file structure_0.tsv (TSV, C-alpha atoms)
chain	number	residue	atom	x	y	z
K	85	MET	CA	13.13	38.66	-36.41
K	86	ARG	CA	13.22	42.43	-36.50
K	87	ALA	CA	16.13	44.30	-35.00
K	88	THR	CA	15.59	46.08	-31.70
K	89	ARG	CA	15.91	49.79	-32.55
K	90	LEU	CA	16.54	52.18	-29.68
K	91	TRP	CA	15.59	55.89	-29.90
K	92	PRO	CA	17.06	58.36	-27.38
K	93	VAL	CA	14.83	60.89	-25.62
K	94	VAL	CA	16.07	64.47	-26.23
K	95	ALA	CA	15.12	67.33	-23.88
K	96	VAL	CA	15.73	70.79	-25.37
K	97	ALA	CA	15.23	74.26	-23.74
K	98	LEU	CA	14.19	76.92	-26.28
K	99	ALA	CA	13.92	80.69	-26.03
K	100	GLY	CA	10.33	81.61	-25.05
K	101	VAL	CA	8.17	84.38	-26.55
K	102	LEU	CA	6.01	86.49	-24.15
K	103	LEU	CA	3.10	88.61	-25.46
K	104	VAL	CA	2.36	91.80	-23.49
K	105	SER	CA	-0.04	94.75	-24.00
K	106	ALA	CA	1.51	98.06	-24.98
K	107	PRO	CA	0.05	101.38	-23.64
K	108	SER	CA	-1.49	102.05	-27.04
K	109	GLY	CA	-3.53	98.89	-26.68
K	110	GLN	CA	-1.49	97.08	-29.26
K	111	THR	CA	0.05	93.81	-28.49
K	112	GLU	CA	3.85	93.68	-28.72
K	113	ALA	CA	6.11	90.76	-28.63
K	114	GLN	CA	8.89	90.81	-26.07
K	115	TRP	CA	11.66	88.22	-25.75
K	116	ARG	CA	12.28	86.47	-22.44
K	117	GLU	CA	15.94	85.49	-22.02
K	118	SER	CA	16.57	81.75	-21.62
K	119	ALA	CA	19.22	79.13	-22.43
K	120	THR	CA	19.41	77.74	-25.95
K	121	THR	CA	20.78	74.39	-27.24
K	122	THR	CA	21.86	73.48	-30.73
K	123	VAL	CA	20.22	70.19	-31.78
K	124	THR	CA	21.80	67.99	-34.44
K	125	GLY	CA	18.91	65.54	-34.46
K	126	PRO	CA	18.27	62.24	-32.63
K	127	ARG	CA	20.30	59.14	-33.54
K	128	SER	CA	18.95	55.59	-33.40
K	129	ASP	CA	20.86	52.60	-32.04
K	130	VAL	CA	20.47	48.98	-33.08
K	131	PHE	CA	20.89	46.14	-30.59
K	132	GLU	CA	22.42	43.61	-32.96
K	133	MET	CA	25.55	41.53	-33.41
K	134	SER	CA	27.46	40.11	-36.38
K	135	ALA	CA	28.97	36.61	-36.39
K	136	THR	CA	31.43	35.43	-39.03
K	137	ALA	CA	33.20	32.07	-39.22
K	138	SER	CA	36.91	32.46	-39.92
K	139	GLY	CA	38.73	29.14	-40.05
K	140	SER	CA	38.14	27.40	-36.74
K	141	GLN	CA	36.89	30.52	-34.91
K	142	VAL	CA	33.81	32.76	-34.92
K	143	ASP	CA	34.40	36.52	-34.95
K	144	LEU	CA	31.66	38.41	-33.09
K	145	THR	CA	30.92	42.16	-33.05
K	146	ASN	CA	28.42	44.07	-30.94
K	147	LEU	CA	26.81	46.50	-33.42
K	148	SER	CA	25.25	48.67	-30.72
K	149	ARG	CA	27.01	52.01	-30.19
K	150	ARG	CA	25.74	52.47	-26.63
K	151	GLN	CA	24.78	49.16	-25.07
K	152	SER	CA	27.05	46.47	-23.62
K	153	ALA	CA	25.84	42.90	-24.15
K	154	ASP	CA	26.35	39.36	-22.91
K	155	LEU	CA	27.40	36.62	-25.31
K	156	ASP	CA	24.69	33.97	-25.57
K	157	VAL	CA	25.46	30.71	-27.38
K	158	ARG	CA	22.15	28.98	-27.93
K	159	SER	CA	23.10	25.58	-29.37
K	160	THR	CA	25.69	23.46	-31.13
K	161	THR	CA	25.50	20.63	-33.70
K	162	VAL	CA	28.41	18.46	-34.87
K	163	THR	CA	28.22	16.65	-38.23
K	164	ARG	CA	30.69	14.50	-40.14
K	165	VAL	CA	31.91	16.00	-43.40
K	166	ASP	CA	31.83	12.45	-44.79
K	167	ALA	CA	28.46	11.25	-43.53
K	168	GLY	CA	29.20	7.58	-44.20
K	169	ASP	CA	32.55	7.46	-42.40
K	170	THR	CA	32.73	5.10	-39.41
K	171	ASN	CA	35.95	6.44	-37.89
K	172	ASP	CA	35.65	6.79	-34.10
K	173	LEU	CA	36.77	10.44	-33.94
K	174	LEU	CA	33.49	11.67	-32.42
K	175	ALA	CA	33.35	8.81	-29.93
K	176	ARG	CA	36.66	10.00	-28.47
K	177	ALA	CA	36.22	13.76	-28.74
K	178	SER	CA	34.89	16.34	-26.30
K	179	LEU	CA	33.54	19.76	-27.32
K	180	VAL	CA	34.39	22.95	-25.43
K	181	TYR	CA	33.65	26.56	-26.32
K	182	THR	CA	36.11	29.25	-25.27
K	183	SER	CA	35.77	33.00	-25.62
K	184	GLY	CA	38.17	35.91	-25.48
K	185	GLN	CA	39.79	38.83	-27.27
K	186	GLY	CA	42.59	36.91	-28.98
K	187	ALA	CA	42.97	33.95	-31.32
K	188	CYS	CA	41.80	30.46	-30.41
K	189	GLY	CA	44.24	28.66	-28.15
K	190	GLY	CA	45.75	31.92	-26.90
K	191	THR	CA	46.19	33.04	-23.32
K	192	THR	CA	43.29	35.50	-23.53
K	193	GLN	CA	40.78	32.72	-24.16
K	194	SER	CA	38.79	31.27	-21.25
K	195	THR	CA	36.22	28.49	-21.02
K	196	TYR	CA	32.71	29.62	-21.94
K	197	TRP	CA	30.79	26.33	-22.23
K	198	ALA	CA	31.89	22.72	-21.74
K	199	ALA	CA	29.31	21.52	-24.25
K	200	ARG	CA	29.95	17.75	-24.43
K	201	SER	CA	32.30	15.35	-22.68
K	202	ALA	CA	34.11	12.50	-24.43
K	203	GLY	CA	31.67	9.86	-25.61
K	204	GLN	CA	28.69	12.27	-25.52
K	205	ILE	CA	28.71	13.57	-29.09
K	206	THR	CA	26.31	12.05	-31.60
K	207	ALA	CA	26.68	13.29	-35.17
K	208	GLY	CA	23.76	15.46	-36.26
K	209	THR	CA	22.29	15.95	-32.77
K	210	THR	CA	21.67	19.52	-31.59
K	211	TYR	CA	22.66	20.32	-28.01
K	212	THR	CA	21.33	23.46	-26.31
K	213	ARG	CA	23.21	25.49	-23.73
K	214	PRO	CA	21.64	26.13	-20.33
K	215	GLN	CA	20.77	29.81	-20.51
K	216	GLY	CA	22.32	32.52	-18.41
K	217	ALA	CA	25.13	35.03	-18.69
K	218	VAL	CA	28.70	33.76	-18.33
K	219	ALA	CA	31.00	35.93	-16.24
K	220	GLY	CA	33.47	37.86	-18.39
K	221	ALA	CA	31.80	37.04	-21.73
K	222	THR	CA	30.78	40.63	-22.39
K	223	LEU	CA	30.80	42.61	-25.62
K	224	ALA	CA	31.34	46.32	-25.09
K	225	PRO	CA	29.55	48.77	-27.43
K	226	GLY	CA	31.01	48.38	-30.90
K	227	ALA	CA	33.58	45.85	-29.68
K	228	GLY	CA	34.47	42.39	-30.95
K	229	ARG	CA	35.10	39.04	-29.35
K	230	VAL	CA	36.35	35.67	-30.56
K	231	LEU	CA	34.36	32.48	-29.95
K	232	CYS	CA	36.18	29.15	-30.36
K	233	PRO	CA	34.29	25.83	-30.73
K	234	THR	CA	37.05	23.30	-30.04
K	235	LEU	CA	37.08	19.52	-30.33
K	236	SER	CA	39.63	17.95	-27.99
K	237	LEU	CA	41.03	14.43	-28.24
K	238	PRO	CA	42.47	12.44	-25.30
K	239	TYR	CA	46.06	12.17	-26.52
K	240	PRO	CA	48.98	13.22	-24.30
K	241	ALA	CA	51.50	15.95	-25.10
K	242	THR	CA	54.23	13.43	-25.90
K	243	ALA	CA	55.85	12.02	-29.03
K	244	ALA	CA	53.26	9.23	-29.00
K	245	GLY	CA	50.54	11.81	-28.46
K	246	GLU	CA	51.72	13.67	-31.55
K	247	ARG	CA	51.66	10.48	-33.62
K	248	ASP	CA	48.51	8.72	-32.42
K	249	PRO	CA	45.82	11.18	-33.61
K	250	TYR	CA	47.11	10.70	-37.16
K	251	LEU	CA	47.23	6.93	-36.86
K	252	ALA	CA	43.63	6.92	-35.65
K	253	HIS	CA	41.92	9.84	-37.41
K	254	ALA	CA	43.98	11.34	-40.27
K	255	GLY	CA	41.86	12.76	-43.08
K	256	ARG	CA	38.74	13.15	-40.96
K	257	ALA	CA	36.78	16.38	-40.58
K	258	VAL	CA	33.65	17.53	-38.79
K	259	ASP	CA	31.59	20.70	-39.07
K	260	ILE	CA	30.46	22.48	-35.89
K	261	THR	CA	27.33	24.60	-36.33
K	262	THR	CA	26.85	27.24	-33.65
K	263	VAL	CA	23.73	29.35	-33.04
K	264	VAL	CA	24.62	32.53	-31.15
K	265	ARG	CA	23.13	35.90	-30.18
K	266	GLN	CA	23.71	38.66	-27.64
K	267	THR	CA	21.47	39.72	-24.75
K	268	SER	CA	21.25	43.05	-22.97
K	269	LYS	CA	22.46	43.76	-19.48
K	270	PRO	CA	19.72	43.89	-16.82
K	271	PRO	CA	17.26	45.42	-16.29
K	272	ALA	CA	16.76	45.62	-20.07
K	273	THR	CA	15.56	42.42	-21.76
K	274	TRP	CA	16.64	42.94	-25.37
K	275	THR	CA	17.95	40.12	-27.54
K	276	SER	CA	19.61	40.32	-30.92
K	277	THR	CA	18.82	38.23	-33.96
K	278	GLN	CA	20.25	34.72	-33.74
K	279	ARG	CA	23.23	34.09	-36.00
K	280	THR	CA	24.26	30.67	-37.32
K	281	THR	CA	27.87	29.91	-38.21
K	282	THR	CA	29.73	26.75	-39.20
K	283	THR	CA	33.38	26.08	-38.43
K	284	ARG	CA	35.40	23.03	-39.42
K	285	PHE	CA	37.66	20.84	-37.32
K	286	SER	CA	39.94	18.55	-39.32
K	287	ILE	CA	42.94	16.31	-38.80
K	288	GLY	CA	45.43	16.57	-41.61
K	289	THR	CA	47.15	13.71	-43.39
K	290	PRO	CA	50.94	14.05	-43.46
K	291	ALA	CA	52.77	12.89	-46.57
K	292	PRO	CA	54.60	9.55	-46.21
K	293	THR	CA	58.28	10.38	-45.89
K	294	SER	CA	61.69	8.70	-45.94
K	295	PRO	CA	62.46	6.52	-42.93
K	296	ALA	CA	64.57	8.41	-40.39
K	297	GLY	CA	68.20	8.30	-41.56
K	298	ALA	CA	67.53	5.98	-44.53
K	299	SER	CA	66.53	5.96	-48.18
K	300	PRO	CA	63.00	4.95	-49.15
K	301	CYS	CA	64.39	2.68	-51.89
K	302	ARG	CA	66.11	-0.62	-51.14
K	303	SER	CA	67.63	-3.16	-53.52
K	304	GLU	CA	67.97	-6.63	-52.03
K	305	VAL	CA	69.37	-9.89	-53.34
K	306	SER	CA	66.49	-12.02	-54.49
K	307	GLY	CA	65.91	-15.40	-52.94
K	308	GLY	CA	66.45	-17.37	-56.12
K	309	GLN	CA	69.66	-18.52	-57.81
K	310	GLY	CA	71.85	-16.13	-59.76
K	311	SER	CA	72.50	-12.46	-59.20
K	312	GLY	CA	68.96	-11.15	-59.26
K	313	SER	CA	67.66	-8.39	-57.00
K	314	VAL	CA	64.31	-7.07	-55.89
K	315	GLY	CA	63.31	-3.62	-54.75
K	316	ARG	CA	61.34	-2.49	-51.71
K	317	LEU	CA	59.93	0.88	-50.75
K	318	ALA	CA	60.26	1.84	-47.09
K	319	PHE	CA	58.62	4.84	-45.47
K	320	GLY	CA	57.80	6.55	-42.22
K	321	TRP	CA	54.24	7.61	-41.40
K	322	PRO	CA	52.92	9.74	-39.83
K	323	LEU	CA	56.44	10.54	-38.58
K	324	ALA	CA	59.78	9.63	-40.13
K	325	SER	CA	60.45	7.55	-37.01
K	326	THR	CA	57.29	5.43	-37.43
K	327	THR	CA	58.82	2.74	-39.64
K	328	ALA	CA	57.76	-0.51	-37.97
K	329	THR	CA	54.50	-2.29	-38.72
K	330	THR	CA	51.94	-0.18	-36.83
K	331	PRO	CA	48.15	-0.44	-36.55
K	332	THR	CA	46.77	2.44	-38.64
K	333	PRO	CA	42.96	2.58	-38.58
K	334	ALA	CA	43.01	6.03	-40.21
K	335	MET	CA	44.28	4.53	-43.47
K	336	ALA	CA	41.18	2.41	-44.01
K	337	GLY	CA	41.90	2.05	-47.74
K	338	GLY	CA	45.51	0.95	-47.19
K	339	TRP	CA	48.60	1.99	-49.18
K	340	GLU	CA	49.49	1.57	-52.84
K	341	VAL	CA	52.74	1.61	-54.85
K	342	LEU	CA	52.47	3.16	-58.31
K	343	VAL	CA	54.94	3.36	-61.19
K	344	ARG	CA	55.22	5.48	-64.35
K	345	PRO	CA	57.65	6.43	-67.08
K	346	VAL	CA	59.38	9.66	-66.10
K	347	ALA	CA	56.61	12.30	-66.21
K	348	GLY	CA	54.19	9.73	-67.66
K	349	SER	CA	50.95	8.24	-66.31
K	350	TRP	CA	50.74	6.21	-63.11
K	351	ARG	CA	49.76	2.55	-62.91
K	352	SER	CA	49.45	0.41	-59.81
K	353	LEU	CA	52.04	-2.13	-58.71
K	354	GLY	CA	49.79	-3.37	-55.95
K	355	PRO	CA	48.35	-2.52	-52.51
K	356	LEU	CA	49.85	-2.67	-49.03
K	357	ASP	CA	48.09	-3.27	-45.75
K	358	ALA	CA	47.36	-0.15	-43.70
K	359	SER	CA	49.76	-1.22	-40.96
K	360	ALA	CA	52.69	-1.76	-43.36
K	361	ARG	CA	55.70	0.55	-43.58
K	362	LEU	CA	57.62	-1.58	-46.12
K	363	SER	CA	56.42	-2.77	-49.51
K	364	GLY	CA	56.60	-6.32	-50.76
K	365	PRO	CA	59.35	-7.26	-53.24
K	366	LEU	CA	59.26	-5.35	-56.54
K	367	LEU	CA	60.71	-6.92	-59.67
K	368	GLY	CA	62.81	-5.20	-62.28
K	369	SER	CA	60.47	-6.56	-64.90
K	370	ASP	CA	57.61	-4.70	-63.15
K	371	LEU	CA	59.25	-1.47	-64.31
K	372	GLY	CA	59.10	-2.05	-68.04
K	373	PRO	CA	61.73	-2.82	-70.72
K	374	VAL	CA	65.33	-3.53	-69.75
K	375	GLY	CA	67.22	-0.30	-69.24
K	376	ALA	CA	64.08	1.75	-68.73
K	377	THR	CA	64.06	4.24	-65.87
K	378	ARG	CA	60.82	4.54	-63.99
K	379	GLU	CA	59.45	6.66	-61.13
K	380	LEU	CA	57.67	5.11	-58.16
K	381	VAL	CA	55.44	6.79	-55.58
K	382	LEU	CA	53.44	5.74	-52.53
K	383	ARG	CA	49.83	6.73	-51.90
K	384	GLY	CA	47.69	6.29	-48.79
K	385	TYR	CA	43.89	6.09	-48.79
K	386	PRO	CA	41.99	7.10	-45.63
K	387	PHE	CA	38.63	5.87	-46.97
K	388	ALA	CA	38.05	2.26	-47.97
K	389	GLY	CA	37.07	1.83	-51.62
K	390	ASP	CA	37.80	5.48	-52.44
K	391	ARG	CA	40.78	6.18	-54.72
K	392	ALA	CA	39.84	9.84	-55.37
K	393	ARG	CA	41.01	10.99	-51.90
K	394	TYR	CA	44.57	10.20	-50.94
K	395	VAL	CA	47.91	11.43	-49.68
K	396	GLU	CA	51.08	11.08	-51.75
K	397	SER	CA	54.65	10.55	-50.52
K	398	ASP	CA	57.04	13.49	-50.38
K	399	TRP	CA	59.53	11.54	-52.51
K	400	LEU	CA	59.69	9.91	-55.92
K	401	VAL	CA	61.98	6.91	-56.27
K	402	ARG	CA	63.76	6.36	-59.56
K	403	ALA	CA	64.68	2.79	-60.46
K	404	THR	CA	65.83	0.81	-63.49
K	405	ASN	CA	65.12	-2.64	-64.86
K	406	ASP	CA	68.65	-4.05	-65.10
K	407	SER	CA	67.63	-7.63	-65.78
K	408	ALA	CA	69.85	-9.95	-67.78
K	409	GLY	CA	68.86	-13.43	-68.87
K	410	ARG	CA	67.06	-15.13	-66.03
K	411	ASN	CA	68.34	-12.65	-63.50
K	412	ASP	CA	65.60	-10.16	-62.76
K	413	ARG	CA	67.20	-7.07	-61.27
K	414	PHE	CA	65.55	-4.02	-59.72
K	415	VAL	CA	68.13	-1.25	-59.21
K	416	CYS	CA	67.48	1.96	-57.23
K	417	THR	CA	69.02	4.90	-59.07
K	418	GLY	CA	67.86	7.91	-57.06
K	419	VAL	CA	65.33	9.70	-54.90
K	420	ILE	CA	63.92	13.13	-55.80
K	421	PRO	CA	61.33	15.44	-54.18
K	422	ASN	CA	57.77	14.82	-55.30
K	423	PRO	CA	56.23	18.05	-56.65
K	424	ASP	CA	52.75	16.57	-56.08
K	425	GLN	CA	53.33	15.44	-52.50
K	426	GLY	CA	50.65	15.73	-49.86
K	427	GLN	CA	46.88	15.63	-49.69
K	428	VAL	CA	44.50	15.34	-52.64
K	429	ASN	CA	40.79	16.02	-52.03
K	430	LEU	CA	41.30	15.72	-48.26
K	431	PRO	CA	40.52	18.39	-45.63

call {"tool": "encode", "arguments": {"input": "structure_0.tsv", "output": "structure tokens"}}
result
Amino acid sequence: MRATRLWPVVAVALAGVLLVSAPSGQTEAQWRESATTTVTGPRSDVFEMSATASGSQVDLTNLSRRQSADLDVRSTTVTRVDAGDTNDLLARASLVYTSGQGACGGTTQSTYWAARSAGQITAGTTYTRPQGAVAGATLAPGAGRVLCPTLSLPYPATAAGERDPYLAHAGRAVDITTVVRQTSKPPATWTSTQRTTTTRFSIGTPAPTSPAGASPCRSEVSGGQGSGSVGRLAFGWPLASTTATTPTPAMAGGWEVLVRPVAGSWRSLGPLDASARLSGPLLGSDLGPVGATRELVLRGYPFAGDRARYVESDWLVRATNDSAGRNDRFVCTGVIPNPDQGQVNLP
């Protein structure tokens, strides 16, 4: 589509030349006094807008130097970043567009278009906006405006409301594709070129952490005879206070305990159910030779069958195989910060 180019009309008064007959019969030129205007040349104007995605917002600019314009969102499409994911994020979410001069979520933002209510979003479906100007959504000549496509989830502003989105949807992301243009103020009927931008909405995956007020490593007397002991790893997720067995659909691939020689390579000690917040018993002999110190870590997997995307605990446990004879002993020796904590290959 070609840009609408506007050319101003310039009226200029010039000094006129009057020809009169002289007495000798010759024709002489005489000047008639009139106003004069210096002309620097006409300037064109383009009725266009720019649209740039910046994080979760779209930055808009009216490129016209003379014409105000109305913001005109044409359509929206929501797609899953992981097309095969079956998490119910979209089934719970609603989609609202806000517009204003400040950042998304700020006090200068106001509702522009309530695009879809909860339960009305189907991944990959394009929804068009009923056309018409929205009061207040104006771009002055050369001015900018911020457009915010926002997914909202029905969780309350409480401690449970802070925790539950992670339990249900951690690690999930969707892309929101917006088609937008600007239209002229009446009576003009100009429209700019349509711009297409894509913003991303994602729910992070917090690192598993130490249980509130406790160590993540526990040594317990084993159930057999003698003086043996087993180890257990305890953790809080998504909050330090969430330490009891809790349904966690977001962690579809469950949890896993891994062990390595200090600064060596990891190997698995076995999986945990997604709802678990305490590992099964770990044997000293699982760690390696007697006297060997090993590091243990916890990983969580949001996607079933996928070990390339995970979140790692913010701690490393150090433990020793202190077995003697038939007494298998797992001894916790320390907890240190994990330099590799957090998300890997997750949004």

call {"tool": "residues_around", "arguments": {"input": "structure_0.tsv", "residues": "Thr182 (chain K)", "least_positions_apart": "4", "cutoff": "7 Å", "atoms": "all atoms listed in the file", "output": "MDAnalysis selection string"}}
result
chainID K and resid 193:197 231:233

call {"tool": "atom_distance", "arguments": {"input": "structure_0.tsv", "atom1": "CA of Ala403 (chain K)", "atom2": "CA of Ser313 (chain K)"}}
result
12.1 Å

call {"tool": "residues_near_point", "arguments": {"input": "structure_0.tsv", "point": "(33.9, 47.7, -31.0)", "cutoff": "10 Å", "atoms": "all atoms listed in the file", "output": "list in words"}}
result
Leu144, Thr145, Asn146, Leu147, Ser148, Arg149, Leu223, Ala224, Pro225, Gly226, Ala227, Gly228 and Arg229 of chain K

call {"tool": "closest_residue", "arguments": {"input": "structure_0.tsv", "among": "K:Arg351, K:Arg361, K:Arg176, K:Arg383", "to": "Ser201 (chain K)", "atoms": "all atoms listed in the file"}}
result
K:Arg176

call {"tool": "residues_around", "arguments": {"input": "structure_0.tsv", "residues": "region 203-217 of chain K", "least_positions_apart": "2", "cutoff": "7 Å", "atoms": "only C-alpha atoms", "output": "list in words"}}
result
Asp154, Asp156, Val157, Arg158, Ser159, Thr160, Thr161, Val162, Thr163, Arg164, Leu174, Ala175, Arg176, Ala177, Arg200, Ser201 and Ala219 of chain K

call {"tool": "residues_around", "arguments": {"input": "structure_0.tsv", "residues": "Ala244 (chain K)", "least_positions_apart": "6", "cutoff": "12 Å", "atoms": "all atoms listed in the file", "output": "list in words"}}
result
Pro238, Tyr250, Leu251, Ala252, Pro322, Leu323, Ser325 and Thr326 of chain K

call {"tool": "atom_distance", "arguments": {"input": "structure_0.tsv", "atom1": "CA of Tyr181 (chain K)", "atom2": "CA of Ala254 (chain K)"}}
result
23.1 Å

call {"tool": "closest_residue", "arguments": {"input": "structure_0.tsv", "among": "K:Trp399, K:Tyr394, K:Trp339, K:Phe414", "to": "Ser369 (chain K)", "atoms": "only C-alpha atoms"}}
result
K:Phe414
